[in-house]
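One structure below.
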There are 2 protein chains.
Amino acid sequence: MKATAKANTNIALIKYWGKRDEKLFLPMNSSLSVTLDRFYTITTVEFNESFEKDIFFLDNVIASDKEVEKVSKFLDKVRIAAGVTYPALVSSENKVPTAAGFASSASGFAALAAAAAKALQLDLSGRELSVLARQGSGSACRSIYGGFVEWHKGIEADGSDSFANQLLDENAWDFSILSVLVASEQKNVSSRDGMRQTVLTSPFYKGWLDTIEGDLSALRDAIGDRDFDSLGKVMESNALKMHGTMLGAEPPILYWQSGTMDVIHHIQLLRSSGIPVYFTIDAGPNVKVLCMPKHEQIVYESLIKLPKVKKVFTCHPGEGVTYL
Amino acid sequence: MKATAKANTNIALIKYWGKRDEKLFLPMNSSLSVTLDRFYTITTVEFNESFEKDIFFLDNVIASDKEVEKVSKFLDKVRIAAGVTYPALVSSENKVPTAAGFASSASGFAALAAAAAKALQLDLSGRELSVLARQGSGSACRSIYGGFVEWHKGIEADGSDSFANQLLDENAWDFSILSVLVASEQKNVSSRDGMRQTVLTSPFYKGWLDTIEGDLSALRDAIGDRDFDSLGKVMESNALKMHGTMLGAEPPILYWQSGTMDVIHHIQLLRSSGIPVYFTIDAGPNVKVLCMPKHEQIVYESLIKLPKVKKVFTCHPGEGVTYL
């Protein structure tokens with residue numbers, strides 16, 4: 001009753017913004033991501049009836065009560081599915097530094113879901129595993145698969161049809177994803193609160209939802225055609241639209257900082273010089289930049305020179321969950 | 001048949017964004033502004049049947065053909081109303097430097113309308129004069145009056161009910177308006193094009209229109225109560241909402257630069273330290289900051305220290321059109 005799984009983080013090209021059910025992590029809109037090759041979580045789960053209670057080591061340190069509670073609550077779903085009540089020892093190695101501009105919840109819950117389900121020999125399909133991981137953190141369902149992944153929002157109240165599937169293998173199309181760090185401070189509004197506030201108060205939220213299917217369809221076409229410029233344009237518009245949606249919230253939500261603007265304008269400048277390069281921005285100030293591998297070096301070198309840029313991490317499309 | 005008028009520029013607290021008729025400058029939404037005391041245009045118009053054609057001096061220099069054509073087209077409206085065809089000699093002194101972050105079209109067409117109408121003894125009411133000025137540049141209709149001014153969008157196709165009126169005299173409530181310059185370059189998308197693109201393509205535009213009446217009503221209340229914090233909050237939300245609307249356009253429109261973010265975050269910092277200070281941003285990167293006169297000095301001094309801030313101009317509510 002012990003298993004180890006590794007899951008990579010992912011970056012949304014069509015963003016997930018807004019929940020229809022906060023407990024089940026059911027989204028208001030479908031989203032589309034690419035799984036990355038460099039930032040991951042490795043988690044070992046061992047169930048044992050002789051354990052007294054759930055224990056959670058994060059990077060070899062006992063986790064806080066709050067974190068243990070989150071993990072326990074998630075493991076309960078797996079235990080219920082397996083018909084057992086054994087406590088678990090969970091040990092996680094988190095290789096998604098906050099300082100790299102990625103949240104670790106996606107890879108964290110994908111790895112936890114995979115390891116726990118395997119430890120209890122649940123023999124879940126990819127779809128079932130994505131539904132399970134989703135209940136720990138929404139975007140975790142997309143990290144089950146490698147390459148390009150779509151998370152279908154679903155319509156059922158129990159979330160059974162809110163799952164992810166792979167659109168294209170990570171080896172089928174390569175490009176470079178540069179995570180450009182302009183700030184490492186804690187953001188002033190959490191994604192959870194930002195989503196809630198936007199859904200409840202922004203007059204733009206309906207417009208956001210109304211255009212998601214069009215964005216998804218355009219992005220699916222771009223992926224099918226390996227059309228980098230189309231992918232970049234849709235991704236960029238979608239990210240700016242998400243941030244626009246938040247600016248309409250009451251009170252308004254603004255995650256951007258001066259470095260964010262510098263990177264955006266620099267990308268526009270590079271593009272006007274003929275290099276196909278595009279950006280996306282999650283709920284925070286940092287920017288992710290996409291370009292073709294042949295331009296990776298020149299894009300990296302020009303970004304790292306910007307005064308407000310602290311660090312640039314380069315990734316590529318990566319694989320889904322693996323078992324170690 | 002000669003008259004001289006002076007008109008101040010104005011800054012919108014509830015923004016005008018989007019036209020329902022481009023030729024008549026009819027707006028999609030009503031707006032609310034405060035006329036300023038420091039930046040103005042003085043224009044002299046002389047009609048004379050012995051003149052060969054319209055001549056337009058701008059700051060003592062013969063204006064370009066394009067500018068003369070704009071002025072002539074506007075004067076035609078006045079000539080038709082007066083039943084004359086005399087050419088005019090127009091001489092304008094523009095004290096609204098582009099480098100101060102204000103457009104000169106509002107004060108420019110307000111002064112031109114007032115001087116031309118007076119020269120031809122049209123004896124227009126304030127409302128009629130605002131309707132005339134509006135046909136040169138939308139926001140010009142608000143510069144006819146001093147203090148707080150509302151521009152009613154109207155519903156008639158001929159624009160006869162799209163006029164401005166004064167809500168509160170400039171002497172009834174004083175506060176400081178600081179124009180914070182972070183960039184002086186030409187913006188990449190003109191307001192005219194930005195408006196059109198937003199109306200045609202942004203899925204947020206309906207949400208923008210749907211919330212205008214609420215914003216106007218809240219701002220009218222704030223003005224009636226001399227409630228500076230309420231005024232500031234509504235103004236700030238409305239400005240961010242306008243920029244959010246543009247981020248939804250296709251392609252997205254982003255007027256902000258890194259200095260814009262620095263000023264916004266600095267204002268939020270000042271506010272969290274207990275100083276009631278708020279911002280608004282027109283279709284460009286520069287920021288206008290509102291505070292109470294007793295905080296003007298401290299706000300000015302802290303803004304001018306920001307690395308990206310090039311200049312800060314301080315204004316106060318000012319008067320409407322006057323005749324010299």
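Following the order of the structure tokens, chains are lettered A, B, ..., residues in each are numbered from 1, and ligands are numbered from 1.
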Sorted by chain and rising residue number, which residues of chain A lie within 12 Å of chain B, and what are their closest atom pairs and distances in Å to one decimal, counting only C-alpha atoms, as a Markdown table?
| residue | atom | partner | partner_atom | distance |
| --- | --- | --- | --- | --- |
| A:Val182 | CA | B:Ser258 | CA | 11.6 |
| A:Asn188 | CA | B:His265 | CA | 11.4 |
| A:Thr201 | CA | B:Gly207 | CA | 10.9 |
| A:Ser202 | CA | B:Gly207 | CA | 8.2 |
| A:Pro203 | CA | B:Gly207 | CA | 4.6 |
| A:Phe204 | CA | B:Phe204 | CA | 4.8 |
| A:Tyr205 | CA | B:Phe204 | CA | 7.9 |
| A:Lys206 | CA | B:Phe204 | CA | 8.0 |
| A:Gly207 | CA | B:Pro203 | CA | 4.6 |
| A:Trp208 | CA | B:Pro203 | CA | 6.9 |
| A:Leu209 | CA | B:Pro203 | CA | 9.3 |
| A:Asp210 | CA | B:Pro203 | CA | 7.6 |
| A:Thr211 | CA | B:Pro203 | CA | 7.3 |
| A:Ile212 | CA | B:Pro203 | CA | 10.7 |
| A:Gly214 | CA | B:Pro203 | CA | 11.8 |
| A:Asp215 | CA | B:Glu250 | CA | 11.7 |
| A:Lys233 | CA | B:Pro251 | CA | 8.6 |
| A:Val234 | CA | B:Pro251 | CA | 9.6 |
| A:Met235 | CA | B:Pro252 | CA | 11.6 |
| A:Glu236 | CA | B:Pro252 | CA | 8.7 |
| A:Ser237 | CA | B:Pro252 | CA | 6.2 |
| A:Asn238 | CA | B:Gly248 | CA | 8.2 |
| A:Ala239 | CA | B:Leu247 | CA | 9.2 |
| A:Leu240 | CA | B:Leu247 | CA | 5.5 |
| A:Lys241 | CA | B:Gly248 | CA | 4.7 |
| A:Met242 | CA | B:Gly248 | CA | 8.2 |
| A:His243 | CA | B:Gly244 | CA | 7.3 |
| A:Gly244 | CA | B:Gly244 | CA | 3.8 |
| A:Thr245 | CA | B:Gly244 | CA | 6.4 |
| A:Met246 | CA | B:Gly244 | CA | 7.6 |
| A:Leu247 | CA | B:Gly244 | CA | 5.3 |
| A:Gly248 | CA | B:Lys241 | CA | 4.7 |
| A:Ala249 | CA | B:Lys241 | CA | 8.1 |
| A:Glu250 | CA | B:Ser237 | CA | 7.3 |
| A:Pro251 | CA | B:Ser237 | CA | 7.0 |
| A:Pro252 | CA | B:Ser237 | CA | 6.3 |
| A:Ile253 | CA | B:Leu240 | CA | 9.1 |
| A:Leu254 | CA | B:Leu240 | CA | 8.9 |
| A:Tyr255 | CA | B:Met261 | CA | 9.9 |
| A:Trp256 | CA | B:Met261 | CA | 7.2 |
| A:Gln257 | CA | B:Met261 | CA | 5.4 |
| A:Ser258 | CA | B:Ser258 | CA | 3.8 |
| A:Gly259 | CA | B:Ser258 | CA | 6.3 |
| A:Thr260 | CA | B:Ser258 | CA | 7.3 |
| A:Met261 | CA | B:Ser258 | CA | 4.9 |
| A:Asp262 | CA | B:Ser258 | CA | 5.7 |
| A:Val263 | CA | B:Ser258 | CA | 9.2 |
| A:Ile264 | CA | B:Gln257 | CA | 9.1 |
| A:His265 | CA | B:Gln257 | CA | 7.9 |
| A:His266 | CA | B:Gln257 | CA | 10.9 |
| A:Gln268 | CA | B:Leu254 | CA | 11.2 |
| A:Pro285 | CA | B:Met261 | CA | 10.8 |
| A:Leu306 | CA | B:Ser258 | CA | 11.9 |
| A:Pro307 | CA | B:Ser258 | CA | 11.4 |
| A:Lys308 | CA | B:Ser258 | CA | 9.8 |
Practice task
Just the residues within 6 Å of segment 38-46 of chain B, please, counting only C-alpha atoms, with nothing from its chain fewer than 5 positions along; format it as number ranges by chain.
Solution key: B: 1-9, 88-96, 107-108, 111-112, 115-116, 315
Exercise for the section: Could you find all residues in segment 11-210 of chain B that DSSP calls helix (DSSP H, G or I) from the backbone, and write them as a PyMOL selection string? Expected result: chain B and resi 65-82+98-100+105-119+126-134+138-144+191-201+205-210
Exercise for the section: Would you list the contacts of segment 152-166 of chain A as a VMD selection string, taking every protein, DNA or RNA residue within 12 Å and counting only C-alpha atoms, but skipping same-chain residues closer than 5 positions in sequence? Expected result: chain A and resid 14 to 35 110 125 to 135 138 to 147 172 209 212 to 213 216 220 223 319 to 320
As a CSV table (one decimal) with N, CA and C atoms, in the first residue's frame, please: the residues near Leu178 of chain A (cut-off 8 Å, only C-alpha atoms, same-chain neighbours under 4 positions excluded).
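For reference, result.csv as written:
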chain,number,residue,atom,x,y,z
A,288,LYS,N,4.6,34.8,-18.5
A,288,LYS,CA,5.2,33.6,-19.2
A,288,LYS,C,5.2,33.9,-20.7
A,289,VAL,N,6.4,33.6,-21.3
A,289,VAL,CA,6.6,34.0,-22.7
A,289,VAL,C,6.8,32.8,-23.5
A,290,LEU,N,6.1,32.7,-24.6
A,290,LEU,CA,6.2,31.6,-25.5
A,290,LEU,C,7.0,32.0,-26.8
A,300,TYR,N,15.5,35.0,-24.5
A,300,TYR,CA,16.0,34.9,-23.1
A,300,TYR,C,17.0,36.1,-22.8
A,312,VAL,N,14.8,34.4,-15.2
A,312,VAL,CA,14.0,33.8,-16.3
A,312,VAL,C,14.3,32.3,-16.3
A,313,PHE,N,13.2,31.5,-16.2
A,313,PHE,CA,13.3,30.1,-16.3
A,313,PHE,C,12.8,29.6,-17.6
A,314,THR,N,13.5,28.7,-18.2
A,314,THR,CA,13.0,28.2,-19.5
A,314,THR,C,12.5,26.7,-19.4
A,315,CYS,N,11.3,26.5,-19.9
A,315,CYS,CA,10.8,25.1,-19.9
A,315,CYS,C,10.3,24.8,-21.3
